[in-house]
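So this block is target_10.cif, mmCIF, C-alpha atoms:
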data_target
loop_
_atom_site.label_atom_id
_atom_site.label_comp_id
_atom_site.auth_asym_id
_atom_site.auth_seq_id
_atom_site.Cartn_x
_atom_site.Cartn_y
_atom_site.Cartn_z
CA MET A 3 30.15 5.18 16.47
CA ASN A 4 26.98 3.59 15.09
CA ALA A 5 25.70 6.14 12.56
CA ASN A 6 22.08 5.05 12.96
CA LYS A 7 22.28 5.39 16.73
CA ALA A 8 23.88 8.82 16.39
CA LEU A 9 21.13 9.94 14.00
CA TRP A 10 18.28 9.07 16.35
CA GLU A 11 19.99 10.26 19.51
CA LYS A 12 20.89 13.57 17.86
CA GLY A 13 17.49 15.15 18.27
CA ASP A 14 14.49 14.38 20.44
CA PHE A 15 11.95 12.36 18.52
CA THR A 16 9.52 12.60 21.44
CA ARG A 17 8.70 16.10 20.14
CA ILE A 18 7.51 14.57 16.86
CA ALA A 19 5.91 11.52 18.47
CA ALA A 20 3.60 13.75 20.49
CA ALA A 21 1.70 14.35 17.24
CA MET A 22 1.47 10.61 16.51
CA ARG A 23 -0.38 9.29 19.56
CA GLU A 24 -3.90 9.18 18.12
CA SER A 25 -2.92 7.20 15.04
CA GLY A 26 -0.59 4.98 17.05
CA ASP A 27 -3.45 3.94 19.30
CA ALA A 28 -5.79 3.39 16.34
CA LEU A 29 -3.22 1.23 14.58
CA VAL A 30 -2.73 -0.97 17.65
CA GLU A 31 -6.52 -1.28 18.00
CA SER A 32 -6.66 -2.59 14.42
CA LEU A 33 -4.15 -5.34 15.27
CA GLY A 34 -6.46 -7.08 17.72
CA VAL A 35 -3.88 -7.24 20.51
CA THR A 36 -5.10 -9.55 23.27
CA PRO A 37 -4.26 -9.72 27.00
CA GLY A 38 -1.19 -11.83 27.65
CA ALA A 39 0.10 -11.70 24.08
CA LYS A 40 3.88 -11.38 23.80
CA VAL A 41 4.59 -8.27 21.73
CA LEU A 42 7.89 -6.87 20.48
CA ASP A 43 7.91 -3.27 19.24
CA LEU A 44 11.08 -2.63 17.20
CA GLY A 45 12.24 0.94 16.76
CA CYS A 46 9.65 1.76 19.38
CA GLY A 47 10.70 5.35 20.06
CA ASP A 48 9.08 6.52 23.26
CA GLY A 49 6.23 4.03 23.00
CA THR A 50 3.69 5.39 20.51
CA THR A 51 2.55 1.85 19.68
CA ALA A 52 4.18 -0.04 22.56
CA LEU A 53 2.15 1.70 25.27
CA PRO A 54 -1.23 1.18 23.56
CA ALA A 55 -0.39 -2.54 23.26
CA ALA A 56 0.43 -2.68 26.97
CA ARG A 57 -2.79 -0.83 27.86
CA ARG A 58 -4.64 -3.65 26.11
CA GLY A 59 -2.99 -6.20 28.38
CA ALA A 60 -0.15 -7.47 26.20
CA ASP A 61 3.27 -8.28 27.63
CA VAL A 62 5.37 -5.76 25.68
CA LEU A 63 9.07 -5.27 25.03
CA GLY A 64 10.04 -2.03 23.31
CA VAL A 65 13.46 -1.97 21.62
CA ASP A 66 15.09 1.13 20.19
CA ILE A 67 18.63 2.04 19.21
CA ALA A 68 18.41 5.49 20.84
CA SER A 69 19.09 5.51 24.58
CA ASN A 70 17.19 8.78 25.08
CA LEU A 71 14.05 7.30 23.52
CA VAL A 72 14.34 4.12 25.59
CA ALA A 73 14.50 6.27 28.72
CA ALA A 74 11.55 8.38 27.56
CA GLY A 75 9.43 5.30 26.89
CA ALA A 76 10.23 3.84 30.29
CA ALA A 77 9.28 7.14 31.92
CA ARG A 78 5.95 7.26 30.10
CA ALA A 79 5.16 3.68 31.12
CA ALA A 80 6.05 4.41 34.75
CA LEU A 81 3.86 7.51 34.75
CA GLU A 82 0.91 5.37 33.62
CA GLY A 83 1.74 2.62 36.11
CA LEU A 84 2.12 0.01 33.37
CA ARG A 85 4.05 -2.98 34.70
CA ASN A 86 3.59 -5.23 31.67
CA ILE A 87 6.02 -3.29 29.48
CA ARG A 88 9.75 -2.71 29.45
CA PHE A 89 12.15 -0.87 27.19
CA GLU A 90 15.72 -1.68 26.22
CA GLU A 91 18.35 -0.59 23.73
CA GLY A 92 18.89 -2.76 20.69
CA ASP A 93 19.57 -2.84 16.96
CA ALA A 94 16.87 -4.31 14.69
CA SER A 95 19.66 -5.70 12.49
CA ASP A 96 20.98 -7.85 15.34
CA LEU A 97 18.64 -8.99 18.13
CA ALA A 98 21.16 -11.44 19.57
CA ASN A 99 19.85 -10.99 23.12
CA LEU A 100 16.34 -12.15 22.12
CA ALA A 101 15.54 -15.85 21.92
CA ASP A 102 14.09 -17.60 18.89
CA LYS A 103 10.29 -17.86 18.67
CA SER A 104 9.62 -15.50 21.58
CA PHE A 105 6.82 -13.20 20.37
CA ASP A 106 3.25 -13.59 19.14
CA LEU A 107 3.46 -10.21 17.42
CA VAL A 108 6.42 -8.19 16.19
CA VAL A 109 5.42 -4.65 15.28
CA THR A 110 7.55 -1.85 13.89
CA ILE A 111 5.94 1.38 12.75
CA PHE A 112 8.43 3.67 10.98
CA GLY A 113 11.15 2.12 13.13
CA ALA A 114 13.07 -0.89 11.83
CA MET A 115 12.90 0.56 8.31
CA PHE A 116 15.72 2.91 9.33
CA ALA A 117 18.03 0.14 10.55
CA PRO A 118 20.96 -0.88 8.34
CA ARG A 119 21.18 -4.27 6.62
CA PRO A 120 17.51 -4.77 5.71
CA PHE A 121 17.88 -8.48 4.93
CA ASP A 122 19.23 -9.00 8.44
CA VAL A 123 16.31 -7.00 9.85
CA ALA A 124 13.79 -9.27 8.10
CA LYS A 125 15.67 -12.38 9.19
CA GLU A 126 15.79 -11.28 12.82
CA MET A 127 12.09 -10.39 12.94
CA VAL A 128 11.17 -13.80 11.53
CA ARG A 129 13.54 -15.54 13.93
CA VAL A 130 12.04 -14.05 17.10
CA THR A 131 8.40 -14.58 16.03
CA LYS A 132 6.55 -17.67 17.25
CA PRO A 133 5.09 -20.08 14.68
CA GLY A 134 1.59 -18.81 13.99
CA GLY A 135 2.62 -15.29 14.95
CA ARG A 136 2.65 -12.09 12.92
CA ILE A 137 5.00 -9.32 11.91
CA VAL A 138 3.43 -5.95 11.13
CA MET A 139 5.49 -3.14 9.62
CA GLY A 140 4.56 0.42 8.75
CA ASN A 141 6.98 1.93 6.20
CA TRP A 142 7.11 5.23 4.35
CA ILE A 143 6.84 4.93 0.56
CA PRO A 144 9.45 6.42 -1.80
CA GLY A 145 8.06 9.10 -4.08
CA ASP A 146 4.75 9.23 -2.24
CA PRO A 147 3.31 12.76 -2.36
CA THR A 148 2.37 12.86 1.33
CA LEU A 149 4.29 14.37 4.22
CA VAL A 150 7.11 12.15 5.45
CA ALA A 151 8.19 10.78 2.07
CA GLN A 152 8.41 14.37 0.86
CA ILE A 153 10.31 15.53 3.96
CA LEU A 154 12.87 12.80 3.33
CA ARG A 155 13.04 13.61 -0.40
CA ILE A 156 13.52 17.34 0.16
CA SER A 157 16.00 16.81 3.00
CA GLY A 158 18.01 14.43 0.83
CA ALA A 159 18.35 17.06 -1.87
CA TYR A 160 20.13 19.37 0.59
CA SER A 161 22.31 16.69 2.20
CA PRO A 162 25.65 15.19 1.11
CA PRO A 163 25.32 12.02 -0.96
CA PRO A 164 25.20 8.85 1.15
CA PRO A 165 27.97 6.22 0.99
CA GLU A 166 27.84 3.74 -1.89
CA SER A 167 26.75 0.92 0.44
CA PHE A 168 23.75 2.89 1.73
CA VAL A 169 20.32 1.30 1.21
CA SER A 170 17.54 3.87 1.46
CA PRO A 171 15.10 3.23 4.33
CA VAL A 172 12.16 3.97 2.04
CA CYS A 173 12.95 0.86 0.02
CA TRP A 174 10.93 -0.81 2.80
CA GLY A 175 7.97 0.97 1.20
CA VAL A 176 8.47 -0.89 -2.10
CA GLU A 177 6.35 -4.05 -2.19
CA ALA A 178 8.80 -6.02 -4.35
CA ASP A 179 11.65 -5.20 -1.98
CA VAL A 180 9.84 -6.28 1.18
CA ILE A 181 8.74 -9.52 -0.48
CA GLU A 182 12.34 -10.22 -1.51
CA ARG A 183 13.61 -9.59 2.02
CA PHE A 184 11.08 -11.80 3.79
CA THR A 185 11.20 -14.65 1.27
CA ALA A 186 14.98 -14.62 1.76
CA ALA A 187 14.24 -15.08 5.48
CA GLY A 188 12.20 -18.19 4.69
CA VAL A 189 8.67 -16.78 4.55
CA PRO A 190 6.47 -18.03 1.67
CA GLN A 191 5.32 -15.16 -0.54
CA ALA A 192 1.71 -16.20 0.08
CA ASN A 193 2.23 -15.24 3.74
CA ILE A 194 3.18 -11.64 2.90
CA ALA A 195 0.45 -9.03 2.44
CA CYS A 196 0.90 -5.34 1.62
CA LYS A 197 -1.60 -2.52 1.53
CA ARG A 198 -1.56 1.26 1.69
CA ASP A 199 -2.75 2.85 4.91
CA THR A 200 -2.91 6.34 6.39
CA TYR A 201 -1.27 7.79 9.48
CA VAL A 202 -2.38 11.21 10.76
CA PHE A 203 -0.10 13.69 12.48
CA ASP A 204 -2.04 15.92 14.89
CA HIS A 205 -0.09 18.88 16.26
CA ALA A 206 -1.43 21.57 18.62
CA GLY A 207 -0.08 24.50 16.62
CA PRO A 208 0.12 25.90 13.08
CA PRO A 209 2.10 24.11 10.34
CA SER A 210 5.13 26.38 10.73
CA ASP A 211 5.29 25.43 14.41
CA PHE A 212 5.15 21.74 13.54
CA LEU A 213 7.96 22.26 11.04
CA ASP A 214 10.00 23.89 13.83
CA ALA A 215 9.81 20.58 15.70
CA PHE A 216 11.19 18.70 12.68
CA GLN A 217 13.94 21.27 12.15
CA GLN A 218 15.04 21.18 15.78
CA TYR A 219 14.41 17.57 16.82
CA TYR A 220 14.13 15.14 13.84
CA GLY A 221 17.57 13.74 12.99
CA PRO A 222 17.26 13.56 9.17
CA THR A 223 15.87 17.10 8.97
CA MET A 224 18.44 18.43 11.42
CA ASN A 225 21.22 17.01 9.26
CA ALA A 226 19.70 18.56 6.14
CA PHE A 227 19.53 22.01 7.73
CA GLU A 228 23.13 21.74 8.92
CA ALA A 229 24.29 20.79 5.43
CA ALA A 230 22.19 23.52 3.82
CA ALA A 231 23.59 26.16 6.18
CA LYS A 232 27.13 25.35 5.04
CA ASP A 233 26.40 26.43 1.47
CA GLY A 234 23.89 29.19 2.15
CA ARG A 235 20.77 27.19 1.27
CA GLU A 236 19.14 27.04 4.71
CA GLU A 237 16.44 29.58 3.81
CA ALA A 238 15.62 27.72 0.60
CA LEU A 239 15.21 24.46 2.50
CA ARG A 240 12.99 26.13 5.09
CA ALA A 241 10.85 27.68 2.33
CA GLU A 242 10.36 24.31 0.59
CA LEU A 243 9.37 22.60 3.81
CA ASP A 244 7.12 25.48 4.90
CA ALA A 245 5.22 25.19 1.62
CA LEU A 246 4.97 21.41 2.03
CA PHE A 247 3.59 21.54 5.58
CA ALA A 248 1.09 24.27 4.70
CA ALA A 249 -0.15 22.45 1.60
CA GLN A 250 -0.58 19.12 3.41
CA ASN A 251 -2.43 20.52 6.43
CA VAL A 252 -6.15 19.60 6.40
CA SER A 253 -7.14 21.31 9.67
CA ALA A 254 -9.70 24.12 9.48
CA ASP A 255 -8.29 25.54 12.72
CA PRO A 256 -5.38 27.91 11.97
CA GLN A 257 -3.86 26.98 15.33
CA ARG A 258 -3.87 23.23 14.69
CA THR A 259 -2.10 21.00 12.18
CA ARG A 260 -3.54 17.71 10.94
CA ILE A 261 -1.61 16.04 8.16
CA PRO A 262 -2.46 12.57 6.79
CA ALA A 263 0.49 10.57 5.46
CA THR A 264 0.34 7.42 3.36
CA PHE A 265 2.44 4.39 4.31
CA LEU A 266 2.86 0.77 3.29
CA ARG A 267 1.39 -1.59 5.85
CA LEU A 268 3.01 -5.00 5.68
CA THR A 269 1.68 -8.11 7.43
CA VAL A 270 3.74 -11.29 7.53
CA GLN A 271 2.34 -14.58 8.85
CA VAL A 272 5.08 -16.77 10.30
CA ASP A 273 4.61 -20.55 10.04
#
Encoding of this model in structure tokens:
Amino acid sequence: MNANKALWEKGDFTRIAAAMRESGDALVESLGVTPGAKVLDLGCGDGTTALPAARRGADVLGVDIASNLVAAGAARAALEGLRNIRFEEGDASDLANLADKSFDLVVTIFGAMFAPRPFDVAKEMVRVTKPGGRIVMGNWIPGDPTLVAQILRISGAYSPPPPESFVSPVCWGVEADVIERFTAAGVPQANIACKRDTYVFDHAGPPSDFLDAFQQYYGPTMNAFEAAAKDGREEALRAELDALFAAQNVSADPQRTRIPATFLRLTVQVD
């Protein structure tokens, strides 16, 4: 069994993605997507960035390793009547079914960073991008004090140690690492640009309710709670995360949660 596939099929990321729509649309708007552009969204989930690209007239393919998220994305597109988008299962480490130089834009927002074999991920993204095209990644940053980096840090402290071969997904948030990976794929360093950006989670409920969604539906957090329960630390984990969500919430409405999270935005120009 593919461990990455099992992780993302374990829960229901659509419950988290519901809080990500506003920022997903804003991010796509910033990319200047044009009608007819060929766009690949890797680790697309249920379409938080793929659907906004299609609404702007692009010809979009969403690829995700989780079959439930592929189905959810297709259902959302059908509900909107979007015929210029399709979803399929795939692994960002091996896009063998996609032809070389197929896409004007490859985008992956908190998606491909979780795939194994990061050098293969970079190589595959470069391979399927047309000359003159772009790759845009959004990646969480290790040690960052904002929400998701801290969720992953806290969850990791309650989880069994990973195998020796494991490469942390948040290494994609380290500028030196992403430069190394894309230069190894043949991209000149001058074509690689990194900057910090902000993504806002907007949930229609208090912070504790938003945490419930992570505990019940977000694979990494689900695994952490299962591990913590085995040694009697479940309440301690919940208390740490409760404090985190409450502290990061910037909404003045006690029945709404708005949490900004910092990420590394990477843009690669492919010659």
query = atom CA of Val35 of chain A and atom CA of Val270 of chain A are how many Å apart?
reply = 15.6 Å
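Separating atom CA of Leu107 of chain A from atom CA of Arg260 of chain A is a distance of 29.5 Å.
With atom CA of Ala77 of chain A on one side and atom CA of Asp93 of chain A on the other, the separation reads 20.7 Å.
Nearest residue to Gln217 of chain A, choosing from A:Arg240, A:Pro120, A:Ala195, A:Asp66 and counting all atoms listed in the file: A:Arg240.
Checking A:Asp244, A:Asp27, A:Asp106, A:Asp179 one by one against Val138 of chain A, counting all atoms listed in the file, you find the shortest gap at A:Asp106.
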inquiry  = Once the PyMOL selection byres ((chain A and resi 99-102) around 6) is applied to the coordinates I shared, what remains selected? I want it as a PyMOL selection string.
reply    = chain A and resi 97-98+103-104+129-130
request  = Compute the distance from (-1.3, 3.2, 2.4) to each atom, counting all atoms listed in the file, keep the residues with any atom at most 8 Å away, and return them as a PyMOL selection string; use the coordinates of the file.
outcome  = chain A and resi 197-200+264-267
query = What does the PyMOL selection byres ((chain A and resi 189) around 12) select in this file, as a PyMOL selection string?
reply = chain A and resi 124-125+127-129+131+133-134+136-137+180-188+190-195+269-273
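Distance check against Thr259 of chain A using only C-alpha atoms: of A:Arg88, A:Arg119, A:His205, A:Arg17, the minimum falls on A:His205.
Every protein or nucleic acid residue with an atom no more than 12 Å from Ser25 of chain A, counting only C-alpha atoms and leaving out same-chain residues fewer than 4 positions away, appears here: A:Ala19, A:Ala20, A:Ala21, A:Leu29, A:Val30, A:Glu31, A:Ser32, A:Thr50, A:Thr51, A:Pro54, A:Ile111, A:Gly140, A:Asp199, A:Thr200, A:Tyr201, A:Val202, A:Phe203, A:Asp204, A:Arg260, A:Ile261, A:Pro262, A:Ala263.
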task = Select, from A:Asp255, A:Gly59, A:Glu242, A:Gly45, the residue with the minimum atom-to-atom distance to Ala117 of chain A, counting only C-alpha atoms.
result = A:Gly45
task = Taking the file above as input, evaluate the PyMOL selection byres ((chain A and resi 251) around 9) and report the hits as a VMD selection string.
result = chain A and resid 208 to 209 246 to 250 252 to 254 258 to 262
query = Pick the closest to Asn86 of chain A from A:Ala231, A:Ala226, A:Leu63, A:Ile156: which is it, counting only C-alpha atoms?
reply = A:Leu63
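Residue nearest Ile18 of chain A within the list A:Asn4, A:Gly47, A:Ala159, A:Glu82: A:Gly47 [criterion: smallest interatomic distance, all atoms listed in the file].
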